[in-house]
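*Asks:* Here you go, this is data.pdb (PDB, C-alpha atoms).
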```pdb
ATOM      1  CA  MET N   1     124.123 166.857  83.902
ATOM      2  CA  SER N   2     120.867 165.789  85.435
ATOM      3  CA  GLU N   3     119.990 162.100  85.417
ATOM      4  CA  ALA N   4     116.807 162.677  83.449
ATOM      5  CA  ARG N   5     118.329 164.622  80.580
ATOM      6  CA  LYS N   6     119.138 162.773  77.363
ATOM      7  CA  ARG N   7     122.491 163.518  75.754
ATOM      8  CA  ILE N   8     122.371 165.729  72.683
ATOM      9  CA  GLY N   9     123.458 164.610  69.224
ATOM     10  CA  CYS N  10     123.640 166.433  65.916
ATOM     11  CA  VAL N  11     123.249 165.875  62.203
ATOM     12  CA  ILE N  12     125.060 168.344  59.937
ATOM     13  CA  VAL N  13     123.303 168.696  56.566
ATOM     14  CA  ALA N  14     125.221 170.681  53.968
ATOM     15  CA  HIS N  15     126.361 171.108  50.366
ATOM     16  CA  GLY N  16     129.081 168.934  48.823
ATOM     17  CA  ASP N  17     131.613 167.762  51.401
ATOM     18  CA  VAL N  18     130.993 170.668  53.784
ATOM     19  CA  ALA N  19     129.327 168.611  56.546
ATOM     20  CA  ALA N  20     131.962 165.867  56.589
ATOM     21  CA  CYS N  21     134.772 168.445  56.454
ATOM     22  CA  LEU N  22     133.305 170.491  59.321
ATOM     23  CA  LEU N  23     133.049 167.328  61.398
ATOM     24  CA  ASP N  24     136.610 166.436  60.444
ATOM     25  CA  GLY N  25     137.731 169.918  61.565
ATOM     26  CA  VAL N  26     135.915 169.529  64.894
ATOM     27  CA  GLN N  27     137.503 166.161  65.560
ATOM     28  CA  ARG N  28     140.996 167.381  64.701
ATOM     29  CA  ILE N  29     140.532 169.987  67.418
ATOM     30  CA  LEU N  30     138.492 168.125  70.035
ATOM     31  CA  GLY N  31     139.272 164.512  69.200
ATOM     32  CA  THR N  32     136.782 161.858  68.152
ATOM     33  CA  GLN N  33     133.166 162.724  68.928
ATOM     34  CA  ASP N  34     130.202 160.392  69.182
ATOM     35  CA  GLY N  35     126.556 161.137  68.489
ATOM     36  CA  CYS N  36     127.101 163.090  65.293
ATOM     37  CA  ARG N  37     126.465 162.456  61.597
ATOM     38  CA  ALA N  38     127.377 164.314  58.404
ATOM     39  CA  VAL N  39     124.971 164.325  55.446
ATOM     40  CA  SER N  40     125.680 165.697  51.951
ATOM     41  CA  ASN N  41     122.985 166.731  49.481
ATOM     42  CA  ALA N  42     125.201 165.627  46.566
ATOM     43  CA  GLY N  43     123.207 163.707  43.980
ATOM     44  CA  LEU N  44     120.020 163.685  46.045
ATOM     45  CA  GLY N  45     116.604 165.102  45.215
ATOM     46  CA  LEU N  46     114.531 166.605  48.030
ATOM     47  CA  ALA N  47     112.684 163.382  48.917
ATOM     48  CA  GLU N  48     115.891 161.341  49.022
ATOM     49  CA  LEU N  49     117.630 163.997  51.097
ATOM     50  CA  VAL N  50     114.743 163.984  53.601
ATOM     51  CA  GLU N  51     115.056 160.202  53.811
ATOM     52  CA  THR N  52     118.835 160.324  54.342
ATOM     53  CA  VAL N  53     118.551 162.923  57.111
ATOM     54  CA  GLU N  54     115.682 160.985  58.745
ATOM     55  CA  GLU N  55     117.841 157.848  58.822
ATOM     56  CA  ALA N  56     120.670 159.761  60.499
ATOM     57  CA  ILE N  57     118.227 161.225  63.044
ATOM     58  CA  ASP N  58     116.625 157.838  63.783
ATOM     59  CA  ASP N  59     120.033 156.360  64.369
ATOM     60  CA  LEU N  60     120.847 159.023  66.988
ATOM     61  CA  ALA N  61     117.382 159.547  68.436
ATOM     62  CA  LYS N  62     117.326 156.183  70.196
ATOM     63  CA  THR N  63     119.582 157.630  72.855
ATOM     64  CA  ARG N  64     119.709 161.357  72.201
ATOM     65  CA  ASP N  65     117.852 164.561  71.553
ATOM     66  CA  VAL N  66     118.847 165.696  68.097
ATOM     67  CA  VAL N  67     119.700 169.074  66.593
ATOM     68  CA  LEU N  68     120.208 169.622  62.858
ATOM     69  CA  PHE N  69     122.831 172.079  61.658
ATOM     70  CA  THR N  70     122.625 173.259  58.069
ATOM     71  CA  ASP N  71     124.616 175.672  55.961
ATOM     72  CA  MET N  72     122.788 177.971  53.588
ATOM     73  CA  PRO N  73     119.431 179.636  54.245
ATOM     74  CA  GLY N  74     117.245 178.932  51.224
ATOM     75  CA  GLY N  75     119.261 175.960  49.994
ATOM     76  CA  SER N  76     117.956 172.422  49.534
ATOM     77  CA  CYS N  77     119.526 171.293  52.833
ATOM     78  CA  TYR N  78     117.797 174.147  54.665
ATOM     79  CA  HIS N  79     114.436 173.361  53.090
ATOM     80  CA  VAL N  80     114.782 169.706  54.038
ATOM     81  CA  CYS N  81     115.662 170.597  57.650
ATOM     82  CA  GLN N  82     112.661 172.910  57.757
ATOM     83  CA  GLU N  83     110.441 170.124  56.457
ATOM     84  CA  ILE N  84     111.687 167.695  59.108
ATOM     85  CA  VAL N  85     111.377 170.205  61.955
ATOM     86  CA  THR N  86     107.810 170.943  60.851
ATOM     87  CA  ALA N  87     106.866 167.275  60.585
ATOM     88  CA  ARG N  88     108.633 165.923  63.637
ATOM     89  CA  ALA N  89     108.291 166.996  67.242
ATOM     90  CA  GLY N  90     111.403 167.438  69.331
ATOM     91  CA  ILE N  91     113.920 168.060  66.537
ATOM     92  CA  GLN N  92     115.701 171.432  66.535
ATOM     93  CA  ALA N  93     117.514 172.988  63.581
ATOM     94  CA  MET N  94     119.886 175.919  63.062
ATOM     95  CA  SER N  95     121.332 177.342  59.814
ATOM     96  CA  GLY N  96     124.573 179.127  59.024
ATOM     97  CA  VAL N  97     126.711 176.401  60.570
ATOM     98  CA  ASN N  98     130.387 177.204  61.009
ATOM     99  CA  LEU N  99     133.263 175.585  62.845
ATOM    100  CA  MET N 100     133.000 177.763  65.951
ATOM    101  CA  MET N 101     129.332 176.865  66.373
ATOM    102  CA  LEU N 102     130.161 173.188  66.253
ATOM    103  CA  LEU N 103     133.065 173.519  68.681
ATOM    104  CA  GLU N 104     130.770 175.309  71.112
ATOM    105  CA  PHE N 105     128.143 172.619  70.598
ATOM    106  CA  PHE N 106     130.463 169.701  71.292
ATOM    107  CA  VAL N 107     132.208 171.341  74.251
ATOM    108  CA  LYS N 108     128.985 172.435  75.959
ATOM    109  CA  ARG N 109     126.432 169.823  74.948
ATOM    110  CA  ASP N 110     126.586 167.747  78.102
ATOM    111  CA  HIS N 111     126.275 170.724  80.421
ATOM    112  CA  HIS N 112     123.213 172.640  79.208
ATOM    113  CA  SER N 113     119.589 172.184  78.260
ATOM    114  CA  MET N 114     118.849 172.097  74.531
ATOM    115  CA  SER N 115     117.461 175.640  74.441
ATOM    116  CA  GLU N 116     120.354 177.092  76.434
ATOM    117  CA  LEU N 117     122.871 175.174  74.318
ATOM    118  CA  LEU N 118     121.374 176.486  71.073
ATOM    119  CA  ARG N 119     121.489 180.031  72.421
ATOM    120  CA  LEU N 120     125.196 179.632  73.226
ATOM    121  CA  VAL N 121     125.898 178.053  69.833
ATOM    122  CA  GLU N 122     124.153 180.877  67.980
ATOM    123  CA  GLU N 123     126.026 183.499  69.995
ATOM    124  CA  ARG N 124     129.377 181.801  69.350
ATOM    125  CA  GLY N 125     128.633 181.461  65.638
ATOM    126  CA  ARG N 126     127.795 185.142  65.239
ATOM    127  CA  GLY N 127     130.776 186.135  67.338
ATOM    128  CA  ALA N 128     133.137 184.169  65.083
ATOM    129  CA  ILE N 129     132.669 186.628  62.241
ATOM    130  CA  SER N 130     135.086 189.559  62.335
ATOM    131  CA  LEU N 131     137.255 191.594  60.006
ATOM    132  CA  LEU N 132     140.980 191.007  60.580
TER     133      LEU N 132
ATOM    134  CA  MET X 133     108.491 186.213  26.194
ATOM    135  CA  GLY X 134     109.061 187.381  29.723
ATOM    136  CA  PHE X 135     111.185 184.433  30.890
ATOM    137  CA  VAL X 136     114.919 184.754  31.408
ATOM    138  CA  LEU X 137     115.030 181.011  32.014
ATOM    139  CA  VAL X 138     112.601 178.110  32.337
ATOM    140  CA  ARG X 139     114.094 175.337  34.443
ATOM    141  CA  ILE X 140     113.199 171.812  35.535
ATOM    142  CA  ASP X 141     114.703 171.199  38.982
ATOM    143  CA  ASP X 142     113.424 168.723  41.565
ATOM    144  CA  ARG X 143     115.118 170.703  44.351
ATOM    145  CA  LEU X 144     112.909 173.655  43.368
ATOM    146  CA  VAL X 145     114.323 176.993  44.578
ATOM    147  CA  HIS X 146     117.719 176.271  46.164
ATOM    148  CA  GLY X 147     121.324 177.507  46.062
ATOM    149  CA  GLN X 148     122.000 176.789  42.389
ATOM    150  CA  VAL X 149     118.812 178.627  41.453
ATOM    151  CA  SER X 150     118.801 181.615  43.799
ATOM    152  CA  VAL X 151     122.545 182.276  43.953
ATOM    153  CA  ALA X 152     124.259 180.772  40.882
ATOM    154  CA  TRP X 153     121.599 181.472  38.241
ATOM    155  CA  GLY X 154     120.025 184.372  40.107
ATOM    156  CA  SER X 155     123.246 186.396  40.213
ATOM    157  CA  ARG X 156     123.865 185.704  36.515
ATOM    158  CA  LEU X 157     120.354 186.360  35.198
ATOM    159  CA  LYS X 158     119.132 188.956  37.694
ATOM    160  CA  PRO X 159     115.446 188.050  37.270
ATOM    161  CA  ASP X 160     112.720 190.351  38.626
ATOM    162  CA  ARG X 161     110.832 187.331  39.921
ATOM    163  CA  ILE X 162     111.454 183.654  40.526
ATOM    164  CA  VAL X 163     108.168 181.926  39.737
ATOM    165  CA  LEU X 164     107.911 178.496  41.348
ATOM    166  CA  VAL X 165     105.057 176.517  39.791
ATOM    167  CA  ASN X 166     104.478 173.497  42.003
ATOM    168  CA  ASP X 167     101.215 172.031  43.281
ATOM    169  CA  ASP X 168     102.768 170.472  46.370
ATOM    170  CA  VAL X 169     104.250 173.772  47.576
ATOM    171  CA  ALA X 170     101.303 175.927  46.453
ATOM    172  CA  CYS X 171      98.774 173.927  48.444
ATOM    173  CA  CYS X 172     100.792 173.835  51.675
ATOM    174  CA  ASP X 173     100.779 176.968  53.765
ATOM    175  CA  TRP X 174     104.121 176.575  55.524
ATOM    176  CA  LYS X 175     105.917 175.396  52.369
ATOM    177  CA  ARG X 176     104.574 178.383  50.437
ATOM    178  CA  LYS X 177     105.824 180.731  53.144
ATOM    179  CA  LEU X 178     109.183 178.945  53.353
ATOM    180  CA  TYR X 179     109.876 179.174  49.609
ATOM    181  CA  GLY X 180     108.430 182.663  49.391
ATOM    182  CA  ALA X 181     110.883 183.849  52.043
ATOM    183  CA  THR X 182     114.013 182.433  50.390
ATOM    184  CA  ASP X 183     116.847 184.957  50.175
ATOM    185  CA  SER X 184     117.222 185.307  46.414
ATOM    186  CA  LEU X 185     119.389 188.364  45.807
ATOM    187  CA  GLY X 186     116.458 190.732  45.486
ATOM    188  CA  ALA X 187     114.229 188.688  43.201
ATOM    189  CA  GLU X 188     110.655 188.361  44.384
ATOM    190  CA  ILE X 189     109.637 184.721  44.790
ATOM    191  CA  VAL X 190     106.165 183.833  43.614
ATOM    192  CA  VAL X 191     104.536 180.432  44.174
ATOM    193  CA  ARG X 192     101.729 179.182  41.921
ATOM    194  CA  SER X 193      99.902 175.921  41.310
ATOM    195  CA  ILE X 194      99.915 174.638  37.737
ATOM    196  CA  GLU X 195      96.244 175.504  37.384
ATOM    197  CA  SER X 196      96.556 179.039  38.741
ATOM    198  CA  PHE X 197      99.661 179.740  36.652
ATOM    199  CA  VAL X 198      97.907 178.620  33.451
ATOM    200  CA  ALA X 199      94.775 180.612  34.324
ATOM    201  CA  GLU X 200      96.803 183.706  35.162
ATOM    202  CA  ARG X 201      98.664 183.644  31.868
ATOM    203  CA  ARG X 202      95.631 182.967  29.745
ATOM    204  CA  GLY X 203      94.794 186.184  27.989
ATOM    205  CA  ALA X 204      97.595 188.057  29.751
ATOM    206  CA  GLU X 205      99.842 190.300  27.666
ATOM    207  CA  ALA X 206     103.385 189.039  27.142
ATOM    208  CA  GLY X 207     104.813 190.764  30.172
ATOM    209  CA  ALA X 208     107.834 192.965  30.329
ATOM    210  CA  SER X 209     108.894 191.406  33.614
ATOM    211  CA  ARG X 210     111.932 189.163  33.609
ATOM    212  CA  ASP X 211     110.741 185.962  35.248
ATOM    213  CA  PHE X 212     112.741 182.857  36.117
ATOM    214  CA  LEU X 213     110.299 179.952  35.951
ATOM    215  CA  ILE X 214     110.958 176.806  37.997
ATOM    216  CA  VAL X 215     109.074 173.503  37.812
ATOM    217  CA  ALA X 216     109.910 170.214  39.529
ATOM    218  CA  SER X 217     109.472 167.761  36.651
ATOM    219  CA  PRO X 218     109.106 167.347  32.886
ATOM    220  CA  GLY X 219     105.480 166.343  33.512
ATOM    221  CA  ASP X 220     104.775 169.705  35.167
ATOM    222  CA  LEU X 221     106.458 171.626  32.336
ATOM    223  CA  LEU X 222     104.457 169.661  29.779
ATOM    224  CA  ALA X 223     101.252 170.559  31.645
ATOM    225  CA  LEU X 224     102.185 174.252  31.392
ATOM    226  CA  ILE X 225     102.970 173.951  27.673
ATOM    227  CA  ARG X 226      99.654 172.196  27.075
ATOM    228  CA  GLY X 227      98.039 174.974  29.075
ATOM    229  CA  GLY X 228      99.397 177.540  26.642
ATOM    230  CA  LEU X 229     102.910 178.376  27.819
ATOM    231  CA  ALA X 230     104.864 179.215  24.653
ATOM    232  CA  ILE X 231     108.613 178.664  24.982
ATOM    233  CA  ASP X 232     111.335 177.565  22.578
ATOM    234  CA  ARG X 233     113.905 176.363  25.100
ATOM    235  CA  ALA X 234     114.168 175.150  28.659
ATOM    236  CA  ASN X 235     116.909 174.200  31.066
ATOM    237  CA  VAL X 236     117.092 170.840  32.827
ATOM    238  CA  GLY X 237     118.875 171.592  36.057
ATOM    239  CA  GLY X 238     118.325 168.629  38.316
ATOM    240  CA  MET X 239     116.342 165.415  38.119
ATOM    241  CA  HIS X 240     117.962 163.389  40.844
ATOM    242  CA  PHE X 241     118.089 159.657  41.365
ATOM    243  CA  SER X 242     115.249 157.855  43.042
ATOM    244  CA  GLU X 243     114.162 154.212  43.012
ATOM    245  CA  GLY X 244     113.520 152.964  39.479
ATOM    246  CA  LYS X 245     115.162 155.870  37.640
ATOM    247  CA  ARG X 246     118.011 155.483  35.169
ATOM    248  CA  LYS X 247     120.816 157.896  34.454
ATOM    249  CA  ILE X 248     121.049 159.819  31.194
ATOM    250  CA  LEU X 249     123.395 162.565  32.415
ATOM    251  CA  GLU X 250     125.318 163.279  35.632
ATOM    252  CA  TYR X 251     122.369 164.941  37.372
ATOM    253  CA  VAL X 252     119.520 163.747  35.153
ATOM    254  CA  PHE X 253     117.755 160.492  36.038
ATOM    255  CA  VAL X 254     114.542 159.410  34.324
ATOM    256  CA  ASP X 255     111.748 156.871  34.448
ATOM    257  CA  ASP X 256     109.343 156.043  31.601
ATOM    258  CA  ASP X 257     106.983 158.902  32.512
ATOM    259  CA  ASP X 258     109.867 161.406  32.480
ATOM    260  CA  VAL X 259     111.064 160.139  29.091
ATOM    261  CA  ALA X 260     107.555 160.421  27.625
ATOM    262  CA  ALA X 261     107.178 163.969  28.980
ATOM    263  CA  LEU X 262     110.652 165.050  27.818
ATOM    264  CA  ARG X 263     109.959 163.640  24.325
ATOM    265  CA  ALA X 264     106.591 165.424  24.200
ATOM    266  CA  ILE X 265     108.210 168.731  25.246
ATOM    267  CA  ILE X 266     110.846 168.331  22.518
ATOM    268  CA  ALA X 267     108.124 167.408  19.995
ATOM    269  CA  ALA X 268     106.376 170.672  20.929
ATOM    270  CA  GLY X 269     109.413 172.497  19.533
ATOM    271  CA  VAL X 270     111.273 173.146  22.782
ATOM    272  CA  ARG X 271     115.025 172.718  22.880
ATOM    273  CA  LEU X 272     115.984 171.129  26.208
ATOM    274  CA  GLU X 273     119.469 171.768  27.537
ATOM    275  CA  ALA X 274     120.829 170.219  30.710
ATOM    276  CA  GLN X 275     123.029 172.581  32.697
ATOM    277  CA  ASP X 276     123.162 172.648  36.501
ATOM    278  CA  VAL X 277     125.016 175.943  37.014
ATOM    279  CA  PRO X 278     126.031 178.742  34.597
ATOM    280  CA  GLN X 279     129.716 177.807  34.815
ATOM    281  CA  SER X 280     129.099 174.218  33.644
ATOM    282  CA  PRO X 281     128.848 173.005  30.055
ATOM    283  CA  SER X 282     125.353 172.383  28.692
ATOM    284  CA  TYR X 283     124.163 169.148  27.077
ATOM    285  CA  ASP X 284     121.393 168.556  24.587
ATOM    286  CA  VAL X 285     118.824 166.411  26.388
ATOM    287  CA  GLU X 286     117.422 164.899  23.183
ATOM    288  CA  CYS X 287     120.894 163.589  22.268
ATOM    289  CA  ALA X 288     121.339 162.195  25.775
ATOM    290  CA  LEU X 289     117.960 160.456  25.597
ATOM    291  CA  ASP X 290     118.763 158.985  22.176
ATOM    292  CA  ARG X 291     122.136 157.761  23.382
ATOM    293  CA  VAL X 292     120.752 155.981  26.439
ATOM    294  CA  GLU X 293     117.298 154.948  25.269
ATOM    295  CA  CYS X 294     118.085 154.021  21.650
ATOM    296  CA  PRO X 295     121.746 152.900  21.652
ATOM    297  CA  GLY X 296     123.242 152.027  18.287
ATOM    298  CA  GLN X 297     121.009 154.352  16.291
TER     299      GLN X 297
END
```
Starting from the file, lay out its structure as structure tokens.
*Replies:*
Amino acid sequence: MSEARKRIGCVIVAHGDVAACLLDGVQRILGTQDGCRAVSNAGLGLAELVETVEEAIDDLAKTRDVVLFTDMPGGSCYHVCQEIVTARAGIQAMSGVNLMMLLEFFVKRDHHSMSELLRLVEERGRGAISLL
Amino acid sequence: MGFVLVRIDDRLVHGQVSVAWGSRLKPDRIVLVNDDVACCDWKRKLYGATDSLGAEIVVRSIESFVAERRGAEAGASRDFLIVASPGDLLALIRGGLAIDRANVGGMHFSEGKRKILEYVFVDDDDVAALRAIIAAGVRLEAQDVPQSPSYDVECALDRVECPGQ
């Protein structure tokens, strides 16, 4: 890792308990991780969800570049991530989050640039889908 | 009438709308009437591109929706109409939208709002608009997804706003 590069953190924004459960799954496999937050849309309107995600980003952004992972294209979480990415420079977002994407993210995040990391994460996420 | 469902939902077009209700109702179009989205280019594109199981998504401002319907024949298309708030629905009704029932799908908590049902929070403006919609002969039923029970919004308002009556 180059001296100049900030570490990379993530906020997972998803329906119900999905974000917290994905993070729980990651940490059961990789152990405790820092620089990550889980946000649920439960009970929140769009404006309140934007605010909650912004707070999570601000908390991480002091020391890190931040990527948002969200679950369902076209859902409220996705729309909120889109709104934040549009309004705020330097925040990246990716939908369709699954466990393999997050494992790839946490394993590789200190060894790649943001754009390269996101390419690897996307590839791993797509590759995780197969018929058994 | 042309509407398979008219819904108040402050999350606009999202999973409950496009997937849960969309797969049940199979609308031809999801018509999102919202001034904030209609006047913003990227928001209009974002909502217009939502994957909604084959339904076309149409975004209109309140004014353009009212103007479009004025003088139009009662269409044969099966539209699913979404507005963000009771105030917006009331504006459509006052603009000539004739409906006898509407669904309240999500009015989430924000500062200063009080709870009348699990996912329905209101302030004084919301209550006034909901009462005016009911007074216009519209039955309002709260139901977030098709699999959930529905609740009469007038009863819920009476229970919370006028306890003991």
*Asks:* Could you check the closest approach to chain X for each of N:Gly96, N:Gly74, N:Gly35, N:Gly127 and tell me which residue wins, using only C-alpha atoms?
*Replies:* N:Gly74
*Asks:* Do you know which residues the ChimeraX specification (/N :<9) & /X returns on this file, as a ChimeraX atom specification?
*Replies:* /X:141-150,174-175,178-179,181-184,238-242,250-251
*Asks:* Apply the PyMOL selection byres ((chain N and resi 109-121) around 12) to the structure shown and report the selected residues as a PyMOL selection string.
*Replies:* chain N and resi 1-10+33-36+64-69+90-108+122-128
*Asks:* Apply the PyMOL selection byres ((chain N and resi 22) around 10) to the file shown and report the selected residues as a ChimeraX atom specification.
*Replies:* /N:12,14,17-21,23-28,38,97-100,102-103
*Asks:* Within 7 Å of segment 275-281 of chain X, counting all atoms listed in the file, which residues show up once you throw out same-chain ones fewer than 4 positions away? Write them as a ChimeraX atom specification, please.
*Replies:* /X:148,152-153,235-238
*Asks:* Would you compute the distance between atom CA of Arg139 of chain X and atom CA of Pro295 of chain X? Give it in Å to one decimal.
*Replies:*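 Separation between atom CA of Arg139 of chain X and atom CA of Pro295 of chain X: 26.9 Å.
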*Asks:* Can you measure atom CA of Ser193 of chain X to atom CA of Arg271 of chain X for me? One decimal in Å is fine.
*Replies:* 24.1 Å
*Asks:* Rank N:Val39, N:Leu30, N:Gly16, N:Leu131 by their smallest atom-to-atom distance to Ile57 of chain N, using only C-alpha atoms, and report the top residue only.
*Replies:* N:Val39
*Asks:* So, with only C-alpha atoms as the atoms that count, which of X:Arg291, X:Asp255, X:Ala204, X:Pro218 lies closest to Leu272 of chain X?
*Replies:*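 So, comparing all the options, the nearest one is X:Pro218.
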